[in-house]
file coords-v9.cif (mmCIF, C-alpha atoms)
data_target
loop_
_atom_site.group_PDB
_atom_site.id
_atom_site.type_symbol
_atom_site.label_atom_id
_atom_site.label_comp_id
_atom_site.auth_asym_id
_atom_site.auth_seq_id
_atom_site.Cartn_x
_atom_site.Cartn_y
_atom_site.Cartn_z
ATOM 1 C CA MET A 1 59.288 -35.741 35.647
ATOM 2 C CA ILE A 2 60.098 -39.044 33.968
ATOM 3 C CA LYS A 3 62.964 -40.114 31.718
ATOM 4 C CA ASP A 4 61.773 -41.508 28.406
ATOM 5 C CA THR A 5 64.018 -44.486 27.653
ATOM 6 C CA LYS A 6 63.173 -44.230 23.943
ATOM 7 C CA ASP A 7 65.023 -40.948 23.450
ATOM 8 C CA GLY A 8 66.774 -40.442 26.808
ATOM 9 C CA LYS A 9 64.971 -37.172 27.516
ATOM 10 C CA VAL A 10 63.376 -36.197 30.830
ATOM 11 C CA LYS A 11 59.770 -35.246 30.177
ATOM 12 C CA LYS A 12 56.744 -34.010 32.057
ATOM 13 C CA GLY A 13 54.318 -36.678 33.125
ATOM 14 C CA VAL A 14 51.079 -37.120 35.013
ATOM 15 C CA ILE A 15 49.862 -39.815 37.372
ATOM 16 C CA TYR A 16 46.167 -40.584 37.338
ATOM 17 C CA THR A 17 45.381 -41.941 40.792
ATOM 18 C CA VAL A 18 42.085 -43.717 41.471
ATOM 19 C CA LEU A 19 41.253 -44.059 45.152
ATOM 20 C CA GLY A 20 38.121 -45.958 46.046
ATOM 21 C CA ILE A 21 35.908 -46.501 49.082
ATOM 22 C CA ASP A 22 33.904 -49.723 48.980
ATOM 23 C CA LYS A 23 30.549 -50.621 50.563
ATOM 24 C CA LEU A 24 32.294 -51.614 53.791
ATOM 25 C CA ALA A 25 33.903 -48.139 54.024
ATOM 26 C CA ASN A 26 37.379 -49.493 53.275
ATOM 27 C CA LYS A 27 39.667 -47.126 51.395
ATOM 28 C CA SER A 28 42.210 -48.346 48.849
ATOM 29 C CA ILE A 29 44.076 -47.206 45.758
ATOM 30 C CA ILE A 30 42.539 -49.266 42.999
ATOM 31 C CA GLY A 31 44.800 -47.956 40.289
ATOM 32 C CA PHE A 32 47.581 -45.537 39.383
ATOM 33 C CA TYR A 33 48.288 -44.704 35.764
ATOM 34 C CA PRO A 34 51.366 -42.687 34.733
ATOM 35 C CA PHE A 35 51.459 -41.021 31.319
ATOM 36 C CA PHE A 36 53.803 -38.656 29.521
ATOM 37 C CA GLY A 37 52.206 -35.291 28.753
ATOM 38 C CA HIS A 38 49.132 -33.663 30.261
ATOM 39 C CA GLU A 39 45.690 -34.730 31.455
ATOM 40 C CA ASN A 40 43.059 -35.083 28.748
ATOM 41 C CA LYS A 41 39.823 -36.906 27.948
ATOM 42 C CA THR A 42 41.555 -39.601 25.887
ATOM 43 C CA THR A 43 43.788 -40.777 28.716
ATOM 44 C CA TRP A 44 40.941 -40.579 31.228
ATOM 45 C CA MET A 45 38.927 -42.827 28.924
ATOM 46 C CA GLU A 46 41.852 -45.266 28.904
ATOM 47 C CA VAL A 47 41.992 -45.236 32.705
ATOM 48 C CA PHE A 48 38.266 -45.847 33.154
ATOM 49 C CA GLN A 49 38.189 -48.498 30.449
ATOM 50 C CA ASN A 50 40.998 -50.331 32.239
ATOM 51 C CA LEU A 51 39.004 -50.226 35.480
ATOM 52 C CA ILE A 52 35.933 -51.539 33.678
ATOM 53 C CA ASN A 53 37.997 -54.358 32.166
ATOM 54 C CA ARG A 54 39.161 -55.203 35.689
ATOM 55 C CA GLY A 55 35.561 -55.493 36.883
ATOM 56 C CA LEU A 56 34.430 -52.008 37.930
ATOM 57 C CA LYS A 57 30.740 -51.680 37.090
ATOM 58 C CA ARG A 58 28.806 -49.330 39.348
ATOM 59 C CA VAL A 59 30.086 -46.226 41.111
ATOM 60 C CA LEU A 60 27.825 -44.165 43.359
ATOM 61 C CA MET A 61 29.954 -41.014 43.133
ATOM 62 C CA PHE A 62 33.139 -39.825 41.462
ATOM 63 C CA ILE A 63 35.037 -37.064 43.286
ATOM 64 C CA SER A 64 37.617 -35.214 41.231
ATOM 65 C CA ASP A 65 39.370 -31.968 40.522
ATOM 66 C CA ASP A 66 38.291 -30.042 37.437
ATOM 67 C CA PHE A 67 40.554 -32.038 35.113
ATOM 68 C CA SER A 68 40.157 -31.551 31.390
ATOM 69 C CA GLY A 69 37.805 -34.150 29.965
ATOM 70 C CA ILE A 70 37.174 -36.160 33.126
ATOM 71 C CA SER A 71 33.464 -35.364 33.484
ATOM 72 C CA GLU A 72 32.845 -36.191 29.828
ATOM 73 C CA ALA A 73 34.644 -39.514 30.253
ATOM 74 C CA ILE A 74 32.639 -40.376 33.366
ATOM 75 C CA LYS A 75 29.318 -39.460 31.760
ATOM 76 C CA THR A 76 30.172 -41.622 28.752
ATOM 77 C CA LEU A 77 31.181 -44.747 30.663
ATOM 78 C CA PHE A 78 29.278 -44.310 33.971
ATOM 79 C CA PRO A 79 26.163 -42.327 32.994
ATOM 80 C CA LEU A 80 24.265 -43.006 36.241
ATOM 81 C CA SER A 81 27.067 -42.022 38.616
ATOM 82 C CA ASP A 82 27.159 -38.724 40.504
ATOM 83 C CA ILE A 83 30.098 -36.390 39.937
ATOM 84 C CA GLN A 84 31.465 -34.103 42.654
ATOM 85 C CA LYS A 85 34.054 -31.465 41.825
ATOM 86 C CA CYS A 86 36.425 -30.602 44.686
ATOM 87 C CA ILE A 87 35.115 -27.577 46.616
ATOM 88 C CA VAL A 88 38.535 -26.913 48.152
ATOM 89 C CA HIS A 89 40.020 -26.400 44.699
ATOM 90 C CA LEU A 90 37.080 -24.195 43.781
ATOM 91 C CA ASP A 91 37.926 -21.998 46.784
ATOM 92 C CA ARG A 92 41.507 -21.636 45.546
ATOM 93 C CA ASN A 93 40.432 -20.812 42.009
ATOM 94 C CA LEU A 94 38.257 -17.946 43.211
ATOM 95 C CA TYR A 95 41.341 -15.894 44.065
ATOM 96 C CA LYS A 96 42.775 -16.487 40.600
ATOM 97 C CA ASN A 97 39.662 -15.296 38.807
ATOM 98 C CA MET A 98 38.033 -12.721 41.080
ATOM 99 C CA GLN A 99 39.028 -9.620 42.994
ATOM 100 C CA LYS A 100 40.098 -10.347 46.549
ATOM 101 C CA ASP A 101 37.006 -8.975 48.300
ATOM 102 C CA ASP A 102 34.675 -10.788 45.910
ATOM 103 C CA ALA A 103 36.599 -14.027 46.340
ATOM 104 C CA LYS A 104 36.353 -13.669 50.139
ATOM 105 C CA PHE A 105 32.597 -13.156 49.863
ATOM 106 C CA VAL A 106 32.156 -16.284 47.729
ATOM 107 C CA THR A 107 34.418 -18.295 50.034
ATOM 108 C CA LYS A 108 32.200 -17.363 52.994
ATOM 109 C CA LYS A 109 29.113 -18.206 50.954
ATOM 110 C CA LEU A 110 30.504 -21.648 50.067
ATOM 111 C CA HIS A 111 31.262 -22.196 53.758
ATOM 112 C CA GLU A 112 27.664 -21.252 54.569
ATOM 113 C CA ILE A 113 26.364 -23.691 51.965
ATOM 114 C CA ARG A 114 28.540 -26.517 53.286
ATOM 115 C CA TYR A 115 27.567 -26.109 56.915
ATOM 116 C CA THR A 116 24.046 -24.682 56.985
ATOM 117 C CA CYS A 117 22.192 -26.038 53.962
ATOM 118 C CA SER A 118 20.449 -29.245 54.913
ATOM 119 C CA THR A 119 19.261 -30.106 51.411
ATOM 120 C CA PHE A 120 20.623 -30.120 47.878
ATOM 121 C CA GLU A 121 17.824 -27.805 46.749
ATOM 122 C CA ALA A 122 18.628 -25.211 49.443
ATOM 123 C CA GLY A 123 22.318 -25.252 48.615
ATOM 124 C CA MET A 124 21.706 -24.946 44.886
ATOM 125 C CA SER A 125 19.348 -22.011 45.417
ATOM 126 C CA LEU A 126 21.851 -20.152 47.594
ATOM 127 C CA TYR A 127 24.728 -20.861 45.197
ATOM 128 C CA GLN A 128 22.667 -19.679 42.228
ATOM 129 C CA LEU A 129 21.376 -16.457 43.806
ATOM 130 C CA ASP A 130 24.334 -15.315 45.922
ATOM 131 C CA VAL A 131 27.207 -16.456 43.714
ATOM 132 C CA LEU A 132 26.323 -17.166 40.097
ATOM 133 C CA ASP A 133 23.617 -14.530 39.574
ATOM 134 C CA LYS A 134 25.361 -11.950 41.757
ATOM 135 C CA PHE A 135 28.656 -12.011 39.848
ATOM 136 C CA LYS A 136 27.738 -13.077 36.310
ATOM 137 C CA LYS A 137 27.961 -9.547 34.887
ATOM 138 C CA LYS A 138 31.248 -8.730 36.615
ATOM 139 C CA TYR A 139 32.992 -12.022 35.747
ATOM 140 C CA PRO A 140 31.045 -13.377 32.752
ATOM 141 C CA THR A 141 33.633 -15.923 31.582
ATOM 142 C CA PHE A 142 34.459 -17.355 35.001
ATOM 143 C CA ILE A 143 30.836 -17.481 36.153
ATOM 144 C CA ALA A 144 29.809 -19.161 32.900
ATOM 145 C CA HIS A 145 32.464 -21.783 33.704
ATOM 146 C CA LEU A 146 30.979 -22.265 37.182
ATOM 147 C CA GLU A 147 27.420 -22.296 35.848
ATOM 148 C CA LYS A 148 28.201 -25.343 33.706
ATOM 149 C CA ARG A 149 29.591 -27.150 36.745
ATOM 150 C CA LYS A 150 27.123 -26.078 39.436
ATOM 151 C CA LEU A 151 25.501 -29.500 39.765
ATOM 152 C CA GLU A 152 28.931 -31.071 40.200
ATOM 153 C CA HIS A 153 29.997 -28.489 42.785
ATOM 154 C CA MET A 154 26.868 -28.995 44.902
ATOM 155 C CA CYS A 155 26.356 -32.745 44.437
ATOM 156 C CA PHE A 156 27.679 -33.571 47.928
ATOM 157 C CA LEU A 157 24.525 -32.002 49.402
ATOM 158 C CA LYS A 158 22.522 -35.010 48.185
ATOM 159 C CA TYR A 159 24.369 -37.186 50.698
ATOM 160 C CA PRO A 160 24.019 -37.663 54.498
ATOM 161 C CA GLU A 161 25.201 -34.539 56.337
ATOM 162 C CA SER A 162 27.839 -36.294 58.434
ATOM 163 C CA THR A 163 29.538 -37.690 55.327
ATOM 164 C CA ARG A 164 29.705 -34.474 53.339
ATOM 165 C CA LYS A 165 33.066 -33.214 54.590
ATOM 166 C CA HIS A 166 34.573 -36.481 53.402
ATOM 167 C CA ILE A 167 33.166 -36.305 49.879
ATOM 168 C CA TYR A 168 33.411 -32.679 48.733
ATOM 169 C CA THR A 169 37.196 -32.684 48.455
ATOM 170 C CA THR A 170 39.986 -34.634 46.780
ATOM 171 C CA ASN A 171 42.305 -34.061 49.758
ATOM 172 C CA PRO A 172 42.778 -37.830 50.337
ATOM 173 C CA VAL A 173 44.182 -38.154 46.818
ATOM 174 C CA GLU A 174 46.289 -35.027 47.310
ATOM 175 C CA SER A 175 47.825 -36.749 50.335
ATOM 176 C CA VAL A 176 48.705 -39.756 48.166
ATOM 177 C CA HIS A 177 50.269 -37.485 45.561
ATOM 178 C CA SER A 178 52.309 -35.831 48.294
ATOM 179 C CA SER A 179 53.826 -39.233 49.036
ATOM 180 C CA PHE A 180 54.561 -39.696 45.329
ATOM 181 C CA GLU A 181 56.258 -36.295 45.248
ATOM 182 C CA LYS A 182 58.489 -37.184 48.192
ATOM 183 C CA MET A 183 59.547 -40.307 46.319
ATOM 184 C CA ARG A 184 60.364 -38.230 43.213
ATOM 185 C CA ILE A 185 62.587 -35.917 45.261
ATOM 186 C CA LYS A 186 64.386 -38.901 46.772
ATOM 187 C CA LYS A 187 65.029 -40.159 43.251
ATOM 188 C CA GLY A 188 66.883 -36.963 42.356
ATOM 189 C CA GLY A 189 63.988 -34.946 40.956
ATOM 190 C CA PHE A 190 62.845 -37.376 38.288
ATOM 191 C CA PHE A 191 62.261 -41.066 37.706
ATOM 192 C CA GLN A 192 64.797 -42.867 35.525
ATOM 193 C CA SER A 193 62.134 -44.715 33.551
ATOM 194 C CA MET A 194 58.426 -45.481 33.478
ATOM 195 C CA ASP A 195 59.154 -48.961 34.872
ATOM 196 C CA ILE A 196 61.057 -47.506 37.825
ATOM 197 C CA LEU A 197 58.196 -45.082 38.431
ATOM 198 C CA ASN A 198 55.661 -47.915 38.512
ATOM 199 C CA VAL A 199 57.734 -49.854 41.059
ATOM 200 C CA ALA A 200 58.102 -46.729 43.213
ATOM 201 C CA LEU A 201 54.356 -46.079 43.108
ATOM 202 C CA PHE A 202 53.622 -49.678 44.096
ATOM 203 C CA ILE A 203 55.951 -49.373 47.114
ATOM 204 C CA VAL A 204 54.338 -46.097 48.217
ATOM 205 C CA THR A 205 50.763 -47.347 47.856
ATOM 206 C CA ASP A 206 51.551 -50.604 49.643
ATOM 207 C CA LYS A 207 52.835 -48.627 52.647
ATOM 208 C CA LEU A 208 49.762 -46.387 52.615
ATOM 209 C CA HIS A 209 47.377 -49.329 52.570
ATOM 210 C CA LYS A 210 49.008 -50.671 55.727
ATOM 211 C CA THR A 211 48.333 -47.419 57.604
ATOM 212 C CA TRP A 212 44.785 -46.652 56.462
ATOM 213 C CA LYS A 213 41.830 -47.497 58.678
ATOM 214 C CA THR A 214 38.120 -47.705 57.973
ATOM 215 C CA ASN A 215 36.449 -44.288 58.089
ATOM 216 C CA PRO A 216 34.007 -44.495 61.031
ATOM 217 C CA ILE A 217 31.701 -41.782 59.652
ATOM 218 C CA ILE A 218 31.289 -43.459 56.285
ATOM 219 C CA LYS A 219 30.915 -46.812 58.034
ATOM 220 C CA SER A 220 28.127 -45.479 60.259
ATOM 221 C CA LYS A 221 26.183 -44.362 57.179
ATOM 222 C CA ARG A 222 26.625 -47.561 55.176
ATOM 223 C CA TYR A 223 22.902 -48.373 55.257
ATOM 224 C CA GLU A 224 21.841 -44.968 53.906
ATOM 225 C CA LEU A 225 24.574 -44.957 51.260
ATOM 226 C CA ASN A 226 23.672 -48.472 50.204
ATOM 227 C CA GLN A 227 20.020 -47.436 49.859
ATOM 228 C CA MET A 228 21.116 -44.566 47.609
ATOM 229 C CA PHE A 229 23.167 -47.036 45.593
ATOM 230 C CA VAL A 230 20.252 -49.451 45.187
ATOM 231 C CA MET A 231 17.864 -46.692 44.133
ATOM 232 C CA LYS A 232 20.344 -45.251 41.627
ATOM 233 C CA PHE A 233 21.079 -48.575 39.934
ATOM 234 C CA GLU A 234 17.719 -50.278 40.435
ATOM 235 C CA GLY A 235 16.737 -52.214 37.338
ATOM 236 C CA GLU A 236 20.159 -51.917 35.700
ATOM 237 C CA SER A 237 21.491 -55.238 34.461
ATOM 238 C CA LEU A 238 24.882 -56.442 35.668
#
call {"tool": "encode", "arguments": {"input": "coords-v9.cif", "output": "C-alpha coordinates"}}
result
Amino acid sequence: MIKDTKDGKVKKGVIYTVLGIDKLANKSIIGFYPFFGHENKTTWMEVFQNLINRGLKRVLMFISDDFSGISEAIKTLFPLSDIQKCIVHLDRNLYKNMQKDDAKFVTKKLHEIRYTCSTFEAGMSLYQLDVLDKFKKKYPTFIAHLEKRKLEHMCFLKYPESTRKHIYTTNPVESVHSSFEKMRIKKGGFFQSMDILNVALFIVTDKLHKTWKTNPIIKSKRYELNQMFVMKFEGESL
(Lines of atoms letter the chains of each structure in order from A and count residues from 1; the text may use other names and numbers.)
(Lines give C-alpha, C1' and ligand atoms only; values in the text may rest on other atoms or scores of the structure.)
Protein backbone atom coordinates (compact mmCIF):
# COMPACT_ATOMS: atom_id res chain seq x y z
CA MET A 1 0.00 0.00 0.00
CA ILE A 2 1.32 3.40 -1.04
CA LYS A 3 0.02 6.92 -0.46
CA ASP A 4 -0.49 8.84 -3.68
CA THR A 5 0.71 12.38 -3.00
CA LYS A 6 -1.39 13.69 -5.90
CA ASP A 7 -4.72 13.00 -4.19
CA GLY A 8 -3.66 11.93 -0.67
CA LYS A 9 -5.23 8.49 -1.00
CA VAL A 10 -3.61 5.21 0.03
CA LYS A 11 -3.68 2.86 -2.94
CA LYS A 12 -2.67 -0.65 -3.85
CA GLY A 13 0.68 -0.98 -5.52
CA VAL A 14 3.04 -3.59 -6.90
CA ILE A 15 6.81 -3.88 -6.85
CA TYR A 16 8.43 -5.54 -9.83
CA THR A 17 11.69 -6.99 -8.53
CA VAL A 18 14.39 -8.17 -10.95
CA LEU A 19 17.01 -10.38 -9.35
CA GLY A 20 19.88 -11.51 -11.53
CA ILE A 21 22.68 -14.06 -11.43
CA ASP A 22 25.66 -13.19 -13.61
CA LYS A 23 28.22 -15.42 -15.35
CA LEU A 24 30.35 -15.50 -12.20
CA ALA A 25 27.37 -16.83 -10.18
CA ASN A 26 26.97 -13.57 -8.26
CA LYS A 27 23.42 -12.71 -7.25
CA SER A 28 22.15 -9.13 -7.12
CA ILE A 29 18.96 -7.11 -7.41
CA ILE A 30 19.38 -5.28 -10.68
CA GLY A 31 16.16 -3.34 -10.40
CA PHE A 32 13.00 -2.74 -8.40
CA TYR A 33 10.07 -0.93 -9.96
CA PRO A 34 7.05 0.16 -7.88
CA PHE A 35 3.77 0.99 -9.63
CA PHE A 36 0.26 1.84 -8.52
CA GLY A 37 -2.30 -0.76 -9.59
CA HIS A 38 -1.79 -4.35 -10.69
CA GLU A 39 0.70 -6.33 -12.76
CA ASN A 40 0.16 -6.21 -16.52
CA LYS A 41 2.01 -6.55 -19.81
CA THR A 42 2.38 -2.79 -20.28
CA THR A 43 4.28 -2.25 -17.04
CA TRP A 44 6.39 -5.36 -17.60
CA MET A 45 7.36 -3.93 -20.99
CA GLU A 46 8.37 -0.71 -19.23
CA VAL A 47 10.51 -2.65 -16.75
CA PHE A 48 12.30 -4.68 -19.42
CA GLN A 49 12.78 -1.66 -21.65
CA ASN A 50 14.41 0.16 -18.74
CA LEU A 51 16.78 -2.77 -18.22
CA ILE A 52 17.62 -2.80 -21.92
CA ASN A 53 18.31 0.94 -21.82
CA ARG A 54 20.66 0.28 -18.90
CA GLY A 55 22.60 -2.27 -20.95
CA LEU A 56 20.87 -5.63 -20.51
CA LYS A 57 21.19 -7.54 -23.78
CA ARG A 58 21.25 -11.31 -23.41
CA VAL A 59 19.53 -13.41 -20.76
CA LEU A 60 19.90 -17.19 -20.70
CA MET A 61 16.76 -17.78 -18.64
CA PHE A 62 13.97 -15.78 -17.04
CA ILE A 63 12.37 -17.34 -13.94
CA SER A 64 9.03 -15.90 -12.92
CA ASP A 65 5.64 -16.51 -11.42
CA ASP A 66 2.69 -16.70 -13.80
CA PHE A 67 2.23 -12.92 -13.90
CA SER A 68 -0.18 -11.48 -16.42
CA GLY A 69 1.65 -10.49 -19.58
CA ILE A 70 5.19 -11.29 -18.47
CA SER A 71 5.86 -14.13 -20.92
CA GLU A 72 4.55 -12.05 -23.82
CA ALA A 73 6.82 -9.17 -22.80
CA ILE A 74 9.85 -11.45 -22.55
CA LYS A 75 9.18 -13.10 -25.91
CA THR A 76 8.84 -9.68 -27.53
CA LEU A 77 12.05 -8.17 -26.15
CA PHE A 78 14.17 -11.30 -25.46
CA PRO A 79 12.98 -13.82 -28.07
CA LEU A 80 15.92 -16.22 -27.62
CA SER A 81 15.74 -16.45 -23.83
CA ASP A 82 14.29 -19.43 -21.98
CA ILE A 83 11.33 -18.87 -19.66
CA GLN A 84 10.77 -20.92 -16.51
CA LYS A 85 7.53 -20.60 -14.56
CA CYS A 86 7.85 -21.27 -10.82
CA ILE A 87 7.03 -24.92 -10.05
CA VAL A 88 6.43 -24.15 -6.37
CA HIS A 89 3.61 -21.77 -7.30
CA LEU A 90 2.24 -24.36 -9.69
CA ASP A 91 2.06 -26.82 -6.78
CA ARG A 92 0.04 -24.30 -4.75
CA ASN A 93 -2.33 -23.57 -7.62
CA LEU A 94 -3.20 -27.24 -7.99
CA TYR A 95 -5.16 -27.16 -4.74
CA LYS A 96 -7.12 -24.13 -5.91
CA ASN A 97 -8.17 -25.73 -9.17
CA MET A 98 -8.36 -29.47 -8.52
CA GLN A 99 -9.91 -31.82 -6.00
CA LYS A 100 -7.60 -32.63 -3.11
CA ASP A 101 -6.75 -36.20 -4.12
CA ASP A 102 -6.08 -35.17 -7.71
CA ALA A 103 -3.91 -32.28 -6.58
CA LYS A 104 -1.92 -34.65 -4.34
CA PHE A 105 -1.39 -37.01 -7.28
CA VAL A 106 -0.11 -34.21 -9.52
CA THR A 107 2.11 -32.86 -6.74
CA LYS A 108 3.74 -36.29 -6.41
CA LYS A 109 4.09 -36.49 -10.18
CA LEU A 110 5.81 -33.09 -10.32
CA HIS A 111 8.15 -34.26 -7.55
CA GLU A 112 8.93 -37.36 -9.60
CA ILE A 113 9.66 -35.24 -12.66
CA ARG A 114 11.95 -32.92 -10.71
CA TYR A 115 14.02 -35.66 -9.12
CA THR A 116 13.98 -38.63 -11.49
CA CYS A 117 13.80 -37.27 -15.03
CA SER A 118 17.30 -36.81 -16.36
CA THR A 119 16.27 -35.12 -19.60
CA PHE A 120 13.85 -32.45 -20.77
CA GLU A 121 12.23 -34.92 -23.17
CA ALA A 122 11.57 -37.47 -20.40
CA GLY A 123 10.07 -34.86 -18.12
CA MET A 124 7.85 -33.44 -20.84
CA SER A 125 6.59 -36.91 -21.76
CA LEU A 126 5.72 -37.75 -18.16
CA TYR A 127 4.05 -34.37 -17.59
CA GLN A 128 2.02 -34.73 -20.79
CA LEU A 129 0.84 -38.31 -20.19
CA ASP A 130 0.34 -38.41 -16.41
CA VAL A 131 -0.88 -34.86 -15.81
CA LEU A 132 -2.18 -33.03 -18.87
CA ASP A 133 -3.72 -35.96 -20.76
CA LYS A 134 -4.93 -37.69 -17.60
CA PHE A 135 -6.93 -34.72 -16.29
CA LYS A 136 -7.90 -32.73 -19.39
CA LYS A 137 -11.48 -34.03 -19.45
CA LYS A 138 -12.05 -33.53 -15.72
CA TYR A 139 -10.53 -30.02 -15.54
CA PRO A 140 -10.67 -28.74 -19.14
CA THR A 141 -10.15 -25.04 -18.37
CA PHE A 142 -7.31 -25.48 -15.88
CA ILE A 143 -5.51 -28.12 -17.94
CA ALA A 144 -5.82 -25.96 -21.06
CA HIS A 145 -4.11 -23.22 -19.03
CA LEU A 146 -1.30 -25.63 -18.08
CA GLU A 147 -1.03 -26.97 -21.63
CA LYS A 148 -0.17 -23.51 -22.93
CA ARG A 149 2.57 -23.18 -20.32
CA LYS A 150 4.02 -26.71 -20.32
CA LEU A 151 7.29 -25.71 -21.99
CA GLU A 152 7.76 -22.97 -19.40
CA HIS A 153 6.97 -25.31 -16.50
CA MET A 154 9.48 -27.94 -17.66
CA CYS A 155 12.22 -25.67 -19.03
CA PHE A 156 14.49 -26.24 -16.01
CA LEU A 157 15.05 -29.82 -17.20
CA LYS A 158 17.22 -28.49 -20.04
CA TYR A 159 19.80 -27.39 -17.47
CA PRO A 160 22.47 -29.31 -15.47
CA GLU A 161 20.80 -31.52 -12.84
CA SER A 162 22.60 -30.01 -9.86
CA THR A 163 21.39 -26.52 -10.76
CA ARG A 164 17.73 -27.36 -11.27
CA LYS A 165 16.53 -26.84 -7.70
CA HIS A 166 17.91 -23.31 -7.90
CA ILE A 167 16.14 -22.38 -11.13
CA TYR A 168 12.64 -23.87 -10.98
CA THR A 169 11.39 -21.52 -8.27
CA THR A 170 11.12 -17.81 -7.56
CA ASN A 171 11.74 -18.38 -3.83
CA PRO A 172 14.82 -16.08 -3.81
CA VAL A 173 12.63 -13.21 -4.99
CA GLU A 174 9.92 -14.17 -2.50
CA SER A 175 12.54 -13.81 0.23
CA VAL A 176 13.34 -10.29 -1.01
CA HIS A 177 9.65 -9.41 -1.02
CA SER A 178 9.38 -10.69 2.54
CA SER A 179 11.97 -8.09 3.52
CA PHE A 180 9.97 -5.42 1.69
CA GLU A 181 6.84 -6.49 3.56
CA LYS A 182 8.58 -6.20 6.93
CA MET A 183 9.58 -2.66 5.99
CA ARG A 184 5.97 -1.83 5.06
CA ILE A 185 4.75 -3.05 8.46
CA LYS A 186 7.39 -0.95 10.21
CA LYS A 187 6.13 2.06 8.28
CA GLY A 188 2.64 1.64 9.72
CA GLY A 189 1.12 -0.56 7.02
CA PHE A 190 1.76 1.69 4.05
CA PHE A 191 4.41 3.93 2.55
CA GLN A 192 3.80 7.68 2.79
CA SER A 193 4.83 8.31 -0.80
CA MET A 194 6.43 6.66 -3.81
CA ASP A 195 9.69 8.50 -3.04
CA ILE A 196 9.74 7.15 0.52
CA LEU A 197 9.06 3.67 -0.83
CA ASN A 198 12.00 3.90 -3.24
CA VAL A 199 14.36 4.96 -0.44
CA ALA A 200 13.11 2.10 1.76
CA LEU A 201 13.62 -0.42 -1.03
CA PHE A 202 17.16 0.85 -1.64
CA ILE A 203 18.00 0.42 2.06
CA VAL A 204 16.60 -3.12 2.13
CA THR A 205 18.37 -4.24 -1.05
CA ASP A 206 21.66 -2.71 0.06
CA LYS A 207 21.52 -4.77 3.27
CA LEU A 208 20.67 -7.93 1.33
CA HIS A 209 23.58 -7.48 -1.06
CA LYS A 210 25.96 -7.37 1.90
CA THR A 211 24.75 -10.76 3.15
CA TRP A 212 24.52 -12.70 -0.11
CA LYS A 213 27.30 -15.07 -1.14
CA THR A 214 28.11 -16.73 -4.44
CA ASN A 215 26.04 -19.87 -5.00
CA PRO A 216 28.60 -22.72 -5.07
CA ILE A 217 26.39 -25.01 -7.18
CA ILE A 218 25.85 -22.44 -9.90
CA LYS A 219 29.53 -21.51 -9.72
CA SER A 220 30.59 -25.13 -10.21
CA LYS A 221 28.51 -25.33 -13.39
CA ARG A 222 29.67 -22.03 -14.90
CA TYR A 223 31.41 -23.74 -17.83
CA GLU A 224 28.33 -25.75 -18.85
CA LEU A 225 26.01 -22.77 -18.41
CA ASN A 226 28.34 -20.56 -20.41
CA GLN A 227 28.40 -23.15 -23.21
CA MET A 228 24.59 -23.10 -23.24
CA PHE A 229 24.72 -19.31 -23.39
CA VAL A 230 27.17 -19.30 -26.31
CA MET A 231 25.13 -21.84 -28.27
CA LYS A 232 21.87 -19.96 -27.67
CA PHE A 233 23.22 -16.59 -28.78
CA GLU A 234 25.78 -17.76 -31.34
CA GLY A 235 25.75 -15.50 -34.38
CA GLU A 236 23.59 -12.82 -32.74
CA SER A 237 25.03 -9.34 -33.11
CA LEU A 238 25.68 -7.26 -30.00
call {"tool": "closest_residue", "arguments": {"input": "coords-v9.cif", "among": "A:Glu147, A:Glu152, A:Glu174, A:Asp4", "to": "Ile87 of chain A", "atoms": "all atoms listed in the file"}}
result
A:Glu152
call {"tool": "closest_residue", "arguments": {"input": "coords-v9.cif", "among": "A:Thr116, A:Thr107, A:Thr42, A:Ser71", "to": "Arg164 of chain A", "atoms": "all atoms listed in the file"}}
result
A:Thr116
call {"tool": "resolve_selection", "arguments": {"input": "coords-v9.cif", "expression": "the PyMOL selection byres ((chain A and resi 30) around 8)", "output": "list in words"}}
result
Val18, Leu19, Gly20, Ser28, Ile29, Gly31 and Phe32 of chain A
call {"tool": "resolve_selection", "arguments": {"input": "coords-v9.cif", "expression": "the PyMOL selection byres ((chain A and resi 61) around 9)", "output": "PyMOL selection string"}}
result
chain A and resi 59-60+62-63+81-84+167
call {"tool": "residues_around", "arguments": {"input": "coords-v9.cif", "residues": "Ile217 of chain A", "least_positions_apart": "5", "cutoff": "12 Å", "atoms": "all atoms listed in the file", "output": "NGL selection string"}}
result
:A and (24-26 or 160-167 or 222-225)
call {"tool": "atom_distance", "arguments": {"input": "coords-v9.cif", "atom1": "atom CA of Arg184 of chain A", "atom2": "atom CA of Gly37 of chain A"}}
result
16.9 Å
call {"tool": "closest_residue", "arguments": {"input": "coords-v9.cif", "among": "A:Leu146, A:Tyr159, A:Phe48, A:Phe36", "to": "Met228 of chain A", "atoms": "all atoms listed in the file"}}
result
A:Tyr159
call {"tool": "atom_distance", "arguments": {"input": "coords-v9.cif", "atom1": "atom CA of Tyr16 of chain A", "atom2": "atom CA of Phe202 of chain A"}}
result
13.6 Å
call {"tool": "resolve_selection", "arguments": {"input": "coords-v9.cif", "expression": "the PyMOL selection byres ((chain A and resi 66) around 9)", "output": "list of chain:residue names"}}
result
A:Ser64, A:Asp65, A:Phe67, A:Ser68, A:Gly69, A:Ile70, A:Ser71, A:Lys85, A:Cys86, A:His89, A:Leu90
call {"tool": "closest_residue", "arguments": {"input": "coords-v9.cif", "among": "A:Ile52, A:Ile185, A:Val131, A:Ala122", "to": "Lys109 of chain A", "atoms": "all atoms listed in the file"}}
result
A:Val131
call {"tool": "atom_distance", "arguments": {"input": "coords-v9.cif", "atom1": "atom CA of Asp91 of chain A", "atom2": "atom CA of Arg114 of chain A"}}
result
12.3 Å
call {"tool": "closest_residue", "arguments": {"input": "coords-v9.cif", "among": "A:Asn40, A:Thr141, A:Gln192, A:Gln128", "to": "Lys6 of chain A", "atoms": "only C-alpha atoms"}}
result
A:Gln192
call {"tool": "closest_residue", "arguments": {"input": "coords-v9.cif", "among": "A:Lys100, A:Lys182, A:Lys23, A:His145", "to": "Ser220 of chain A", "atoms": "only C-alpha atoms"}}
result
A:Lys23
call {"tool": "residues_around", "arguments": {"input": "coords-v9.cif", "residues": "Ile2 of chain A", "least_positions_apart": "2", "cutoff": "8 Å", "atoms": "all atoms listed in the file", "output": "list in words"}}
result
Asp4, Val10, Lys11, Lys12, Gly13, Phe36, Phe190, Phe191, Gln192, Ser193, Met194 and Leu197 of chain A
